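Report on one structure; see the data block that follows.
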Amino acid sequence: MSTERRILGPFNRVEGDLDIKVEVLDNRVQRAWVNAPLFRGFEQILSDKDPRDALVYTPRICGICSVSQSVAAATAIANAQGISPAPNGLLATNLILATENLADHLSHFYLFFMPDFARSGYQHKPWFESIADRFRAQQGSAAHQALEARSEFLNLTGILAGKWPHSLAIQPGGTTRSIQENELIRMLSIIRSMRYFLESVTFSDSLEALSCLQTQGDLENWQATHSNSDFARFLNVAKDLQLSHLGRTQNRFLSYGAYPMGETTLFPAGIWDNGPEMLDQQNILEDVSSSWLTGAISEHPYKGSTVIDEQMRNGYSWCKAPRYDGRVLEVGALARQMVAGHPLIRDLVNHNGASVYTRVVARLLEIALLIPQMEQWLAQIKTGDAFCESQTIPDEAQGAGLVEAARGSLGHWLVIKKGRIFNYQIVAPTTWNFSPRDHQDQAGALEQALVGIEIVDNIENTLSIQHVIRSFDPCMVCTVH
Amino acid sequence: MSNMANLIWLQSGGCGGCSMSLLNAQSPNLLQSFKQNGIELLWHPSLSEACGREFLDLIEQIESGELGLDLLCLEGSIMRGPNGTGKFHLLGGTERPMMNVIASLSSHARHTVAVGSCAAFGGITMAGNNPGDACGLQFSGKEYGGLLSENWRDSTGLPIINIAGCPTHPNWVIETLIQIANNNLTRENLDEYQRPLSYTSQLVHHGCPRNEYYEYKASAEKPSDLGCLMEHLGCLGTQARADCNTRLWNGEGSCLRGGYACINCTAPEFEEPGHTFANTPKIAGIPIGLPTDMPKAWFVALASLAKAATPKRLKSNATSDHIRALPGEKHKHRI
C-alpha cells in the first residue's frame, strides 16, 4: 500500500482554528503535522504600549482563557514592579481564575468532548442510545443542564470581576472590586450550587470522596457503584473504546504552579520526566524552524521576537515550538496533577501513560479539587482590608507572569524600556501541546499523540483522531495570538 | 421567512469571546432561547456536532444554492494580510482564505450580522500597526472600507448589522437575532454605525452605581476606590453607547460595578484611545473627553460648583475601597 497524505479540518469544538496533515500507511497514521492557520499579531500590537495596557489587550487574545491571560499579564507587570498583590486581592484573583478554569473544564467535558460519542459512527455500540440521549451536541439532556450550571457559576465573575470574559478587575496590585459580607454569602451560595450540580449530576458522589480516590483500582470500584453519574458514563465508554491506549505522548509534563497561597501554590510548579524536577524558566526556548516566522531559530521569550515571513516559505504553522531544555512537554490538568503528585493521577499514568483517558480523568478530578478550595478562599477574605496595592510602572525592568490556564501553562514575558513595552512574548498552553517540529525535527505533543491511530472506514470518519485532538482541550486562538 | 430561520456562525480574526459570552445567556439558556424563537443553529464552532468534511459540505451546499441560509453571523475581524492575500487566516482543512469564504457566504445569506467589535469595525485585532491588516465586515474603524463595500446591502435592503461590543452581551445578540428572524428589524432600528439602537440608545453612564460620586466630582484615585472613575482612571461611560449598567452582565456585573473603567468597547476604534486606557488625559486639569452632549463651559462650571458642594461622606468614601461614612446625619462615621 502506498502512503497517503490528507489534510483534515476545520475542527470545531476546539477554541479557534486548526487543521492537521496526516500521512497514512497500512491504515495507520504514520506522521502528523499540526497547523494553527490564524495569525493576528498581538505581540506586535503590544509593542511600545504602556505596560498597563497589556491588561486590556492580552485578555482579548482569547475569550475562553481571558482571565488566565489577565492574571499572566498582571503577574508579569507586578514581577517587573517588584510588588505583591494585597492578600484579599490574591484570594479574589484565585477565585476568579478558579471560576474560569472550572467553567472551562465543564464546557470541555459537556460541550466539546462528550458529544463525539453520540455520533452515528458509534450507533452499533450497546451504550450508544443512552450516551446519545445524554450528550448529543445541542440536543442531549446534558447540554442544557451544563450550560445553565456553567452560566450560573460564572455569575461569580459578575460580582468579583464585573463580567466574563474580558475583565479589567485583575491588577498587578490585586483586584479592583472590594467585597462586602453580604457578597461573601451570595458567592458561597453560587459555589454551593455548583457543588450540588457536580455531586448530583456529574459525580453522584461527594467531591471529597472523589478527591480521595488513590489508584486505578479505586476508580474502577467507584465506577461500578456510581454508574448513574456522567463521569462513570465516560469511564464506561473509555473502557469499551480503550481510550487509555489512545493519544499517547512521551509522558513528560510541565506545570508553572497554580493558585498562590502564601509562599506556596495549591498545585506546585515543576517538571515530570520519569520523576520530578525543579522548574527553571530560563530553560524555556521557543523554536521557529517550522513556523512561518523569521529571526533566530531558538530564543528565550525575554529575547524572542515574532517576525512574520509574508511569503510563508518555510514551515507549516504560525505556531512556535516551545521546548524545555530541548524537550517536548505536555501541559494541562493532567500535567498539573502529575507534577502535584495526586496519587490517582500518578497511578493512572503509571498504568496508561498520558492518554485521552487520563487527560479527561485529570480534568474532572481537578473540578472536584477546586470547589472545596474555593469555599476556603472565600472564607479567608477579610472584608474591610485592602484589595489592591498602589502601583507605579518602572522605567526599565522585566518580569514574567507564569500561570495555569484550564488547558495548561501560560507564560507572559515582559521587557519595559523607557516606561513602555519593549518586548512582550506569550507562550500559551496549546503552543506547547500543538507545537510544530523544532530544529531537531522533534514533533510536538499532539503530533506524537496522533501517530499509530488506526483509520476506521475512512479518515474523515475516524473519530479517534477527534478524541485525541479534543482530549488536550486545545485553544488555538491563544496558541498563535 | 419560513417557520425556522437557520443560522451559521463563523469565526475569523478574533478571540471567540463573543461566543463564550453568548453561552452565558440565562433565563432561558441559549439553546432554549433559539429553540423557542424559531432559530435553528445550522452550525456553530463551539456547539455543533458537524466537523471537517461535513462542515465544508454545508458551505458548498449554501454556495451552490442547494441550501438557503437565513442568518450569517461573523465573529472576529476579517484578516486581509499578508499583502491582501488573506493567508493570515486560511479556513482549516482547505487552502482557502477565510475572507473569501465570508464574502461568498454573505452574498448568499438573507442577512449578515457582525457579532462583536472585531467583525463590525476591526476591533482589537486592528490595534497598534494592525499587523494582520484586519478590518470589519463593512467598516474599517469609523469609516467604511471593510471587506464589503459601503453600498453593500442584503437581499432585503439591510446593511451589515453591527452588534458591537468587546465582548457582546449575550442578550444583545439573542434579542437582535430574534428580531431579525421575525422580520422586525429595519434600518431605523440601527444607529449611525449600524448598531442596534435597542442597546446603543443608552449611555453606559445610565444606571452607573457611581452616579452620586460623578454628580459631586468625588473621584477615585487608584484601582478599587469607590469614587467616580472619569476624572482620573480613564472611564468613558459618559460617552459610551451601551446599556451595560441597566442590563448587567453575569448576573449582577458591569465594568463599573467591577471597579474599573468603561473603555467604550462598543465604539469603532476603541482599541486605540490615544492614551493609556486606565488614565484620563487632561488639559489644564480638565478631562479631554467630556460627557456626550455637554458643552465644555457648562461642564467646567458645574464641576467646580459640584466639587465645592461635595458632601464629606462622598469625599471620604470616594478614595476608599469600602463605605467609611454612612448616609444620614446620625450615622456619619462607621470606621
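Scheme for the C-alpha cells: letters A, B, ... for chains in order shown; per-chain residue numbers from 1; ligand numbers from 1 in order shown.
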When you look at Leu90 in chain A with a cut-off of 12 Å (counting only C-alpha atoms), what residues show up, excluding the ones that are within fewer than 5 positions of it in the same chain? I need them as JSON, numbers by chain.
{"A": [71, 74, 75, 84, 85, 95, 96, 97, 160, 169, 170, 171, 172, 173, 174, 175, 176, 177, 178, 259, 260, 261, 262, 265, 377, 378, 380, 381, 382, 386, 387, 388, 389]}
Write the selection just made, keeping C-alpha atoms, as a compact mmCIF listing (two decimals), in the first residue's frame?
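Heads up, here's the output in again.txt:
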```txt
# COMPACT_ATOMS: atom_id res chain seq x y z
CA VAL A 71 -3.56 37.02 35.54
CA ALA A 74 -0.88 41.34 35.88
CA THR A 75 1.71 38.95 37.32
CA SER A 84 2.97 41.55 45.59
CA PRO A 85 -0.82 41.87 45.45
CA LEU A 95 -11.35 32.74 42.95
CA ILE A 96 -11.79 34.43 39.56
CA LEU A 97 -9.20 32.18 37.91
CA LEU A 160 -15.75 39.64 41.65
CA ALA A 169 -10.51 43.71 37.54
CA ILE A 170 -7.23 41.84 37.91
CA GLN A 171 -4.39 44.29 38.52
CA PRO A 172 -0.73 43.87 39.49
CA GLY A 173 -1.61 45.10 43.00
CA GLY A 174 -4.71 42.94 43.47
CA THR A 175 -8.29 43.38 42.31
CA THR A 176 -10.42 46.46 41.68
CA ARG A 177 -13.54 45.16 43.39
CA SER A 178 -13.74 45.10 47.16
CA TYR A 259 -3.09 29.45 42.79
CA PRO A 260 -0.58 31.19 45.08
CA MET A 261 -1.21 30.68 48.79
CA GLY A 262 1.39 32.49 50.89
CA THR A 265 0.85 27.34 45.49
CA TRP A 377 -10.55 31.07 49.82
CA LEU A 378 -13.88 32.78 50.18
CA GLN A 380 -10.30 33.77 54.12
CA ILE A 381 -11.33 37.13 52.62
CA LYS A 382 -11.20 39.82 55.32
CA ALA A 386 -7.41 46.33 51.11
CA PHE A 387 -7.97 44.51 47.82
CA CYS A 388 -5.45 46.45 45.74
CA GLU A 389 -1.99 47.87 46.46
```
Please list as a PyMOL selection string every residue within 12 Å of Gly157 in chain B, counting only C-alpha atoms and excluding residues in the same chain fewer than 5 positions away.
chain B and resi 110-112+151-152+185-187
Using only C-alpha atoms, determine which residues lie at most 8 Å from Ile102 in chain B, disregarding the query and same-chain residues fewer than 4 positions distant; provide the list as a VMD selection string.
chain B and resid 74 98 106
Could you give me, as a list in words, the residues within 9 Å of Ile469 in chain A, counting only C-alpha atoms and dropping anything in the same chain fewer than 6 positions from it?
Phe11, Val14, Gly247, Val356, Leu446, Ala449 and Leu450 of chain A
Residues of chain B within 7 Å of chain A: nearest atom pair and distance (Å, one decimal) for each, counting only C-alpha atoms, sorted by chain and number, as CSV?
```
residue,atom,partner,partner_atom,distance
B:Gly13,CA,A:Arg40,CA,6.5
B:Cys15,CA,A:Cys62,CA,4.3
B:Gly16,CA,A:Gly63,CA,5.0
B:Gly17,CA,A:Gly63,CA,3.4
B:Met20,CA,A:Gly63,CA,6.3
B:Ser21,CA,A:Pro165,CA,6.6
B:Leu23,CA,A:Leu147,CA,6.9
B:Asn24,CA,A:Ser151,CA,4.6
B:Ala25,CA,A:Ser151,CA,6.9
B:Gln26,CA,A:Ser151,CA,6.8
B:Asn29,CA,A:Glu148,CA,6.2
B:Leu31,CA,A:Gln138,CA,6.9
B:Pro45,CA,A:Asn12,CA,4.9
B:Ser46,CA,A:Arg13,CA,4.5
B:Leu47,CA,A:Gln138,CA,6.3
B:Ser48,CA,A:Ala137,CA,5.9
B:Glu49,CA,A:Ala137,CA,5.4
B:Cys51,CA,A:Phe11,CA,5.6
B:Gly52,CA,A:Gly9,CA,4.4
B:Arg53,CA,A:Glu460,CA,6.8
B:Pro82,CA,A:Glu310,CA,5.8
B:Phe88,CA,A:Phe39,CA,5.1
B:His89,CA,A:Leu38,CA,4.4
B:Leu90,CA,A:Pro37,CA,5.7
B:Leu91,CA,A:Pro10,CA,6.8
B:Gly92,CA,A:Pro10,CA,4.0
B:Gly93,CA,A:Gly9,CA,3.9
B:Thr125,CA,A:Arg40,CA,6.4
B:Ala127,CA,A:Ile45,CA,5.9
B:Gly128,CA,A:Ile45,CA,4.5
B:Asn129,CA,A:Ile45,CA,6.6
B:Pro131,CA,A:Gly41,CA,5.7
B:Gly132,CA,A:Arg40,CA,5.4
B:Lys222,CA,A:Ser390,CA,6.8
B:Pro223,CA,A:Thr176,CA,5.1
B:Ser224,CA,A:Thr176,CA,3.8
B:Trp249,CA,A:Lys163,CA,5.6
B:Asn250,CA,A:Asn155,CA,4.6
B:Gly251,CA,A:Asn155,CA,5.2
B:Glu252,CA,A:Gly158,CA,5.3
B:Gly253,CA,A:Gly158,CA,4.0
B:Ser254,CA,A:Gly162,CA,4.5
B:Cys255,CA,A:Gly162,CA,4.9
B:Arg257,CA,A:Gly162,CA,5.7
B:Gly258,CA,A:Gly162,CA,3.7
B:Gly259,CA,A:Thr176,CA,4.9
B:Tyr260,CA,A:Leu168,CA,6.2
B:Thr276,CA,A:Asp50,CA,6.2
B:Phe277,CA,A:Asp53,CA,6.2
B:Asp321,CA,A:Ser178,CA,5.9
B:His322,CA,A:Gly384,CA,6.5
```
Could you please take those selected residues and save N, CA and C atoms as a short mmCIF file (atom, residue, chain, number, x, y, z; two decimals), in the first residue's frame?
```
data_model
loop_
_atom_site.label_atom_id
_atom_site.label_comp_id
_atom_site.auth_asym_id
_atom_site.auth_seq_id
_atom_site.Cartn_x
_atom_site.Cartn_y
_atom_site.Cartn_z
N GLY B 13 -10.72 36.51 12.57
CA GLY B 13 -9.66 37.09 13.40
C GLY B 13 -10.14 37.65 14.72
N CYS B 15 -11.19 36.39 19.17
CA CYS B 15 -10.80 35.58 20.32
C CYS B 15 -11.84 34.54 20.69
N GLY B 16 -13.01 34.57 20.04
CA GLY B 16 -14.06 33.63 20.43
C GLY B 16 -14.82 34.09 21.67
N GLY B 17 -14.49 35.25 22.19
CA GLY B 17 -15.10 35.72 23.44
C GLY B 17 -16.58 36.05 23.32
N MET B 20 -18.25 32.80 23.74
CA MET B 20 -18.20 32.39 25.14
C MET B 20 -19.19 33.18 25.96
N SER B 21 -19.31 34.47 25.65
CA SER B 21 -20.27 35.32 26.35
C SER B 21 -21.71 34.89 26.02
N LEU B 23 -22.76 31.98 25.44
CA LEU B 23 -23.11 30.78 26.22
C LEU B 23 -23.51 31.15 27.65
N ASN B 24 -23.22 32.39 28.06
CA ASN B 24 -23.61 32.82 29.41
C ASN B 24 -25.08 33.20 29.52
N ALA B 25 -25.81 33.15 28.42
CA ALA B 25 -27.22 33.56 28.45
C ALA B 25 -27.98 32.83 29.56
N GLN B 26 -28.79 33.57 30.26
CA GLN B 26 -29.55 32.97 31.37
C GLN B 26 -31.03 33.31 31.24
N ASN B 29 -31.71 29.57 28.91
CA ASN B 29 -30.37 29.34 28.38
C ASN B 29 -30.37 29.51 26.86
N LEU B 31 -29.62 27.64 24.18
CA LEU B 31 -30.24 26.65 23.29
C LEU B 31 -31.76 26.77 23.34
N PRO B 45 -19.23 27.01 15.89
CA PRO B 45 -17.95 26.34 16.18
C PRO B 45 -17.89 25.67 17.55
N SER B 46 -18.57 26.20 18.55
CA SER B 46 -18.46 25.59 19.88
C SER B 46 -19.54 24.56 20.15
N LEU B 47 -20.61 24.59 19.37
CA LEU B 47 -21.78 23.81 19.78
C LEU B 47 -22.15 22.68 18.84
N SER B 48 -21.67 22.72 17.59
CA SER B 48 -22.18 21.76 16.62
C SER B 48 -21.41 20.46 16.60
N GLU B 49 -22.14 19.41 16.21
CA GLU B 49 -21.50 18.11 16.07
C GLU B 49 -20.64 18.07 14.80
N CYS B 51 -18.21 18.43 11.75
CA CYS B 51 -16.80 18.80 11.81
C CYS B 51 -16.16 18.47 10.47
N GLY B 52 -15.10 19.17 10.12
CA GLY B 52 -14.32 18.83 8.94
C GLY B 52 -15.14 18.79 7.66
N ARG B 53 -15.10 17.65 6.97
CA ARG B 53 -15.78 17.48 5.68
C ARG B 53 -17.26 17.85 5.75
N PRO B 82 -1.29 38.47 4.72
CA PRO B 82 -0.28 39.44 4.30
C PRO B 82 -0.48 39.87 2.84
N PHE B 88 -3.41 35.11 6.35
CA PHE B 88 -3.31 35.08 7.82
C PHE B 88 -4.44 34.26 8.44
N HIS B 89 -5.47 34.02 7.66
CA HIS B 89 -6.47 33.05 8.12
C HIS B 89 -7.00 32.23 6.95
N LEU B 90 -6.48 31.01 6.84
CA LEU B 90 -7.00 30.07 5.86
C LEU B 90 -8.01 29.19 6.58
N LEU B 91 -9.13 28.93 5.92
CA LEU B 91 -10.12 28.03 6.51
C LEU B 91 -9.48 26.67 6.74
N GLY B 92 -9.55 26.18 7.97
CA GLY B 92 -8.93 24.90 8.32
C GLY B 92 -9.33 23.80 7.34
N GLY B 93 -8.37 22.96 6.99
CA GLY B 93 -8.66 21.84 6.09
C GLY B 93 -8.70 22.24 4.63
N THR B 125 -8.12 43.51 17.00
CA THR B 125 -7.14 42.94 16.06
C THR B 125 -6.51 44.03 15.19
N ALA B 127 -5.53 46.93 16.38
CA ALA B 127 -4.77 47.84 17.23
C ALA B 127 -3.30 47.91 16.79
N GLY B 128 -2.58 48.87 17.38
CA GLY B 128 -1.17 49.05 17.04
C GLY B 128 -1.04 49.38 15.57
N ASN B 129 -0.09 48.74 14.90
CA ASN B 129 0.07 49.00 13.47
C ASN B 129 -0.73 48.02 12.62
N PRO B 131 -1.08 44.58 12.48
CA PRO B 131 -0.17 43.65 11.82
C PRO B 131 -0.86 42.68 10.86
N GLY B 132 -2.12 42.36 11.11
CA GLY B 132 -2.81 41.39 10.26
C GLY B 132 -3.57 42.03 9.12
N LYS B 222 -7.24 55.56 42.75
CA LYS B 222 -6.49 54.33 42.42
C LYS B 222 -7.48 53.17 42.24
N PRO B 223 -7.07 52.11 41.57
CA PRO B 223 -7.96 50.97 41.37
C PRO B 223 -8.50 50.47 42.72
N SER B 224 -9.75 50.10 42.74
CA SER B 224 -10.52 49.60 43.90
C SER B 224 -11.18 50.72 44.71
N TRP B 249 -24.28 42.27 33.54
CA TRP B 249 -23.55 41.13 32.97
C TRP B 249 -23.35 40.05 34.04
N ASN B 250 -23.38 38.80 33.61
CA ASN B 250 -23.14 37.68 34.54
C ASN B 250 -23.86 37.88 35.87
N GLY B 251 -25.14 38.10 35.75
CA GLY B 251 -25.94 38.28 36.96
C GLY B 251 -25.99 39.71 37.40
N GLU B 252 -24.96 40.17 38.14
CA GLU B 252 -25.03 41.49 38.76
C GLU B 252 -23.89 42.41 38.34
N GLY B 253 -23.17 42.07 37.28
CA GLY B 253 -21.94 42.81 36.99
C GLY B 253 -22.03 43.85 35.90
N SER B 254 -20.96 44.63 35.81
CA SER B 254 -20.68 45.54 34.70
C SER B 254 -19.25 45.99 34.95
N CYS B 255 -18.64 46.64 33.97
CA CYS B 255 -17.27 47.09 34.20
C CYS B 255 -17.21 48.01 35.41
N ARG B 257 -19.31 48.30 37.93
CA ARG B 257 -19.59 47.57 39.15
C ARG B 257 -18.38 46.72 39.54
N GLY B 258 -17.60 46.33 38.55
CA GLY B 258 -16.38 45.56 38.82
C GLY B 258 -15.23 46.45 39.26
N GLY B 259 -15.44 47.77 39.26
CA GLY B 259 -14.42 48.67 39.80
C GLY B 259 -13.42 49.18 38.79
N TYR B 260 -13.70 49.02 37.52
CA TYR B 260 -12.75 49.51 36.52
C TYR B 260 -13.47 50.28 35.42
N THR B 276 -3.09 55.85 27.65
CA THR B 276 -3.20 54.64 28.47
C THR B 276 -4.67 54.45 28.86
N PHE B 277 -5.20 53.26 28.65
CA PHE B 277 -6.63 53.04 28.87
C PHE B 277 -7.11 53.51 30.24
N ASP B 321 -11.92 51.75 49.57
CA ASP B 321 -12.49 50.62 48.83
C ASP B 321 -13.70 50.02 49.54
N HIS B 322 -14.11 50.64 50.65
CA HIS B 322 -15.37 50.25 51.27
C HIS B 322 -16.00 51.49 51.90
#
```
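For the atom pair formed by CA of His205 in chain B and CA of Glu231 in chain B, the distance is 13.8 Å, given to one decimal.
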Mind listing the alpha helix (DSSP H) residues of range 97-255 of chain B, per DSSP on the backbone, as number ranges by chain?
B: 98-108, 117-121, 170-181, 197-200, 211-215, 244-247
Go ahead and write the selection's residues with N, CA and C atoms as a short mmCIF file (atom, residue, chain, number, x, y, z; two decimals), in the first residue's frame.
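See out09.cif below for the written result:
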```cif
data_model
loop_
_atom_site.label_atom_id
_atom_site.label_comp_id
_atom_site.auth_asym_id
_atom_site.auth_seq_id
_atom_site.Cartn_x
_atom_site.Cartn_y
_atom_site.Cartn_z
N MET B 98 -10.08 32.76 4.52
CA MET B 98 -11.38 32.90 5.18
C MET B 98 -12.13 34.12 4.67
N MET B 99 -11.40 35.19 4.31
CA MET B 99 -12.11 36.39 3.86
C MET B 99 -12.92 36.11 2.59
N ASN B 100 -12.45 35.18 1.76
CA ASN B 100 -13.22 34.83 0.56
C ASN B 100 -14.47 34.02 0.91
N VAL B 101 -14.32 33.14 1.91
CA VAL B 101 -15.47 32.35 2.35
C VAL B 101 -16.55 33.29 2.91
N ILE B 102 -16.10 34.26 3.69
CA ILE B 102 -17.05 35.19 4.32
C ILE B 102 -17.76 36.03 3.26
N ALA B 103 -16.99 36.54 2.30
CA ALA B 103 -17.59 37.36 1.24
C ALA B 103 -18.61 36.54 0.46
N SER B 104 -18.25 35.30 0.17
CA SER B 104 -19.15 34.44 -0.61
C SER B 104 -20.44 34.15 0.18
N LEU B 105 -20.29 33.73 1.43
CA LEU B 105 -21.49 33.38 2.19
C LEU B 105 -22.38 34.59 2.44
N SER B 106 -21.78 35.77 2.60
CA SER B 106 -22.61 36.94 2.86
C SER B 106 -23.45 37.29 1.61
N SER B 107 -22.98 36.86 0.44
CA SER B 107 -23.78 37.13 -0.76
C SER B 107 -24.94 36.13 -0.87
N HIS B 108 -24.86 35.04 -0.15
CA HIS B 108 -25.94 34.05 -0.18
C HIS B 108 -26.91 34.19 0.98
N SER B 117 -17.08 43.82 18.20
CA SER B 117 -16.44 44.98 17.57
C SER B 117 -15.41 44.58 16.51
N CYS B 118 -14.82 43.38 16.62
CA CYS B 118 -13.87 42.93 15.60
C CYS B 118 -14.57 42.76 14.26
N ALA B 119 -15.66 42.00 14.26
CA ALA B 119 -16.37 41.75 13.00
C ALA B 119 -17.00 43.04 12.47
N ALA B 120 -17.43 43.91 13.38
CA ALA B 120 -18.10 45.13 12.97
C ALA B 120 -17.10 46.14 12.39
N PHE B 121 -16.03 46.40 13.16
CA PHE B 121 -15.15 47.53 12.81
C PHE B 121 -13.67 47.15 12.64
N PRO B 170 -24.72 38.66 25.92
CA PRO B 170 -25.49 37.59 25.26
C PRO B 170 -26.86 38.07 24.77
N ASN B 171 -27.50 38.93 25.54
CA ASN B 171 -28.85 39.32 25.15
C ASN B 171 -28.87 40.36 24.02
N TRP B 172 -27.79 41.11 23.84
CA TRP B 172 -27.73 41.98 22.65
C TRP B 172 -27.84 41.10 21.41
N VAL B 173 -27.11 39.99 21.45
CA VAL B 173 -27.05 39.11 20.28
C VAL B 173 -28.37 38.36 20.12
N ILE B 174 -28.82 37.73 21.18
CA ILE B 174 -30.03 36.90 21.08
C ILE B 174 -31.23 37.74 20.67
N GLU B 175 -31.41 38.88 21.31
CA GLU B 175 -32.59 39.69 21.01
C GLU B 175 -32.54 40.24 19.58
N THR B 176 -31.36 40.64 19.14
CA THR B 176 -31.25 41.15 17.76
C THR B 176 -31.53 40.04 16.76
N LEU B 177 -30.97 38.85 17.00
CA LEU B 177 -31.21 37.74 16.07
C LEU B 177 -32.69 37.38 16.01
N ILE B 178 -33.36 37.41 17.14
CA ILE B 178 -34.80 37.09 17.15
C ILE B 178 -35.57 38.16 16.37
N GLN B 179 -35.17 39.40 16.60
CA GLN B 179 -35.82 40.50 15.89
C GLN B 179 -35.65 40.33 14.37
N ILE B 180 -34.47 39.96 13.95
CA ILE B 180 -34.22 39.75 12.52
C ILE B 180 -35.04 38.55 12.03
N ALA B 181 -34.98 37.46 12.79
CA ALA B 181 -35.70 36.25 12.37
C ALA B 181 -37.19 36.52 12.23
N LEU B 197 -30.11 49.98 17.96
CA LEU B 197 -30.44 51.03 18.93
C LEU B 197 -31.00 50.45 20.22
N SER B 198 -31.44 49.19 20.15
CA SER B 198 -32.00 48.59 21.36
C SER B 198 -31.03 48.66 22.52
N TYR B 199 -29.73 48.67 22.23
CA TYR B 199 -28.80 48.87 23.35
C TYR B 199 -27.92 50.10 23.20
N THR B 200 -27.85 50.70 22.00
CA THR B 200 -26.98 51.88 21.87
C THR B 200 -27.74 53.20 21.99
N ASN B 211 -22.96 57.04 40.23
CA ASN B 211 -23.51 58.31 39.78
C ASN B 211 -23.43 59.42 40.82
N GLU B 212 -23.64 59.10 42.08
CA GLU B 212 -23.60 60.16 43.10
C GLU B 212 -22.19 60.75 43.19
N TYR B 213 -21.19 59.89 43.06
CA TYR B 213 -19.80 60.39 43.06
C TYR B 213 -19.56 61.27 41.83
N TYR B 214 -20.13 60.84 40.71
CA TYR B 214 -19.99 61.63 39.47
C TYR B 214 -20.60 63.01 39.66
N GLU B 215 -21.80 63.04 40.22
CA GLU B 215 -22.51 64.32 40.37
C GLU B 215 -21.68 65.33 41.17
N CYS B 244 -24.92 48.78 29.56
CA CYS B 244 -24.25 47.83 30.47
C CYS B 244 -24.65 47.97 31.94
N ASN B 245 -25.01 49.20 32.35
CA ASN B 245 -25.34 49.37 33.77
C ASN B 245 -26.83 49.28 34.08
N THR B 246 -27.62 49.06 33.04
CA THR B 246 -29.03 48.78 33.32
C THR B 246 -29.36 47.33 33.00
N ARG B 247 -28.62 46.74 32.05
CA ARG B 247 -28.88 45.35 31.68
C ARG B 247 -28.09 44.37 32.56
#
```
Counting only C-alpha atoms, what is within 6 Å of range 324-341 of chain A, bar same-chain residues fewer than 3 positions away, as a VMD selection string?
chain A and resid 252 to 255 267 to 268 270 272 283 to 284 346 359 362 to 363 407 to 408 433
Store the residues picked out above, limited to C-alpha atoms, as a tab-separated table (two decimals), in the first residue's frame.
```tsv
chain	number	residue	atom	x	y	z
A	252	ARG	CA	6.87	14.50	30.04
A	253	PHE	CA	4.91	17.17	31.83
A	254	LEU	CA	5.16	20.83	32.81
A	255	SER	CA	3.25	22.90	35.33
A	267	PHE	CA	-0.75	22.95	42.76
A	268	PRO	CA	3.06	23.20	42.77
A	270	GLY	CA	7.67	21.63	38.28
A	272	TRP	CA	7.83	15.49	35.46
A	283	ASN	CA	15.35	26.59	30.23
A	284	ILE	CA	12.36	27.55	28.08
A	346	ARG	CA	0.28	9.20	39.20
A	359	ARG	CA	-6.42	13.68	30.38
A	362	ALA	CA	-7.46	14.59	35.47
A	363	ARG	CA	-9.73	17.40	34.33
A	407	ARG	CA	-5.66	23.88	29.39
A	408	GLY	CA	-2.18	24.32	30.81
A	433	ASN	CA	0.73	20.88	23.15
```
Contacts of range 217-220 of chain A at 10 Å (only C-alpha atoms; same-chain gap of 4+ positions) as a ChimeraX atom specification
/A:210,212-213,224-225,232,235-236,239,344,347-348,361
As a check of understanding: the span from CA of Asp205 in chain A to CA of Gly257 in chain A is 27.8 Å
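CA of Ala406 in chain A lies 4.5 Å from CA of Asn101 in chain A.
With only C-alpha atoms taken into account, the protein and nucleic acid residues at most 7 Å from Ala278 in chain B (excluding it and anything under 4 positions from it in its own chain) are Leu233, Gly234 and Ala261 of chain B.
Using only C-alpha atoms for every distance, the candidate list A:Ile371, A:Ala443, A:Leu414, A:Leu463 yields A:Leu414 as the residue closest to Ala400 in chain A.
Secondary structure by DSSP on the backbone puts the following residues of range 241-279 of chain A in strand (DSSP E): Arg252, Phe253, Leu254, Ser255, Ala258, Tyr259, Pro260, Met261, Thr264, Thr265, Leu266, Phe267, Gly270, Ile271, Trp272, Asp273, Pro276 and Glu277 of chain A.
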Please produce an output containing N, CA and C atoms for each residue in the selection, written as a compact mmCIF listing (two decimals), in the first residue's frame.
```txt
# COMPACT_ATOMS: atom_id res chain seq x y z
N ARG A 252 6.04 13.44 29.45
CA ARG A 252 6.87 14.50 30.04
C ARG A 252 5.96 15.70 30.25
N PHE A 253 5.94 16.19 31.48
CA PHE A 253 4.91 17.17 31.83
C PHE A 253 5.51 18.44 32.44
N LEU A 254 4.76 19.54 32.24
CA LEU A 254 5.16 20.83 32.81
C LEU A 254 3.97 21.47 33.52
N SER A 255 4.23 22.04 34.69
CA SER A 255 3.25 22.90 35.33
C SER A 255 3.98 24.10 35.92
N ALA A 258 -0.08 26.57 40.28
CA ALA A 258 -1.33 27.33 40.18
C ALA A 258 -1.84 27.72 41.56
N TYR A 259 -2.40 28.90 41.62
CA TYR A 259 -3.09 29.45 42.79
C TYR A 259 -2.14 29.69 43.97
N PRO A 260 -1.49 30.86 43.97
CA PRO A 260 -0.58 31.19 45.08
C PRO A 260 -1.31 31.24 46.42
N MET A 261 -0.66 30.65 47.42
CA MET A 261 -1.21 30.68 48.79
C MET A 261 -0.01 30.91 49.71
N THR A 264 3.57 29.25 49.03
CA THR A 264 3.43 28.09 48.15
C THR A 264 2.29 28.32 47.16
N THR A 265 2.03 27.29 46.37
CA THR A 265 0.85 27.34 45.49
C THR A 265 0.04 26.06 45.74
N LEU A 266 -1.26 26.15 45.46
CA LEU A 266 -2.12 24.98 45.67
C LEU A 266 -1.61 23.79 44.87
N PHE A 267 -1.36 23.99 43.59
CA PHE A 267 -0.75 22.95 42.76
C PHE A 267 0.67 23.42 42.44
N GLY A 270 6.61 22.61 38.49
CA GLY A 270 7.67 21.63 38.28
C GLY A 270 7.57 20.95 36.93
N ILE A 271 8.52 20.04 36.74
CA ILE A 271 8.58 19.21 35.54
C ILE A 271 8.43 17.77 36.01
N TRP A 272 7.82 16.94 35.20
CA TRP A 272 7.83 15.49 35.46
C TRP A 272 8.35 14.80 34.22
N ASP A 273 9.49 14.11 34.39
CA ASP A 273 10.04 13.33 33.28
C ASP A 273 10.64 12.08 33.91
N PRO A 276 10.23 13.77 39.37
CA PRO A 276 10.08 15.21 39.49
C PRO A 276 11.39 15.97 39.25
N GLU A 277 11.26 17.15 38.66
CA GLU A 277 12.40 18.07 38.51
C GLU A 277 11.94 19.45 38.90
```
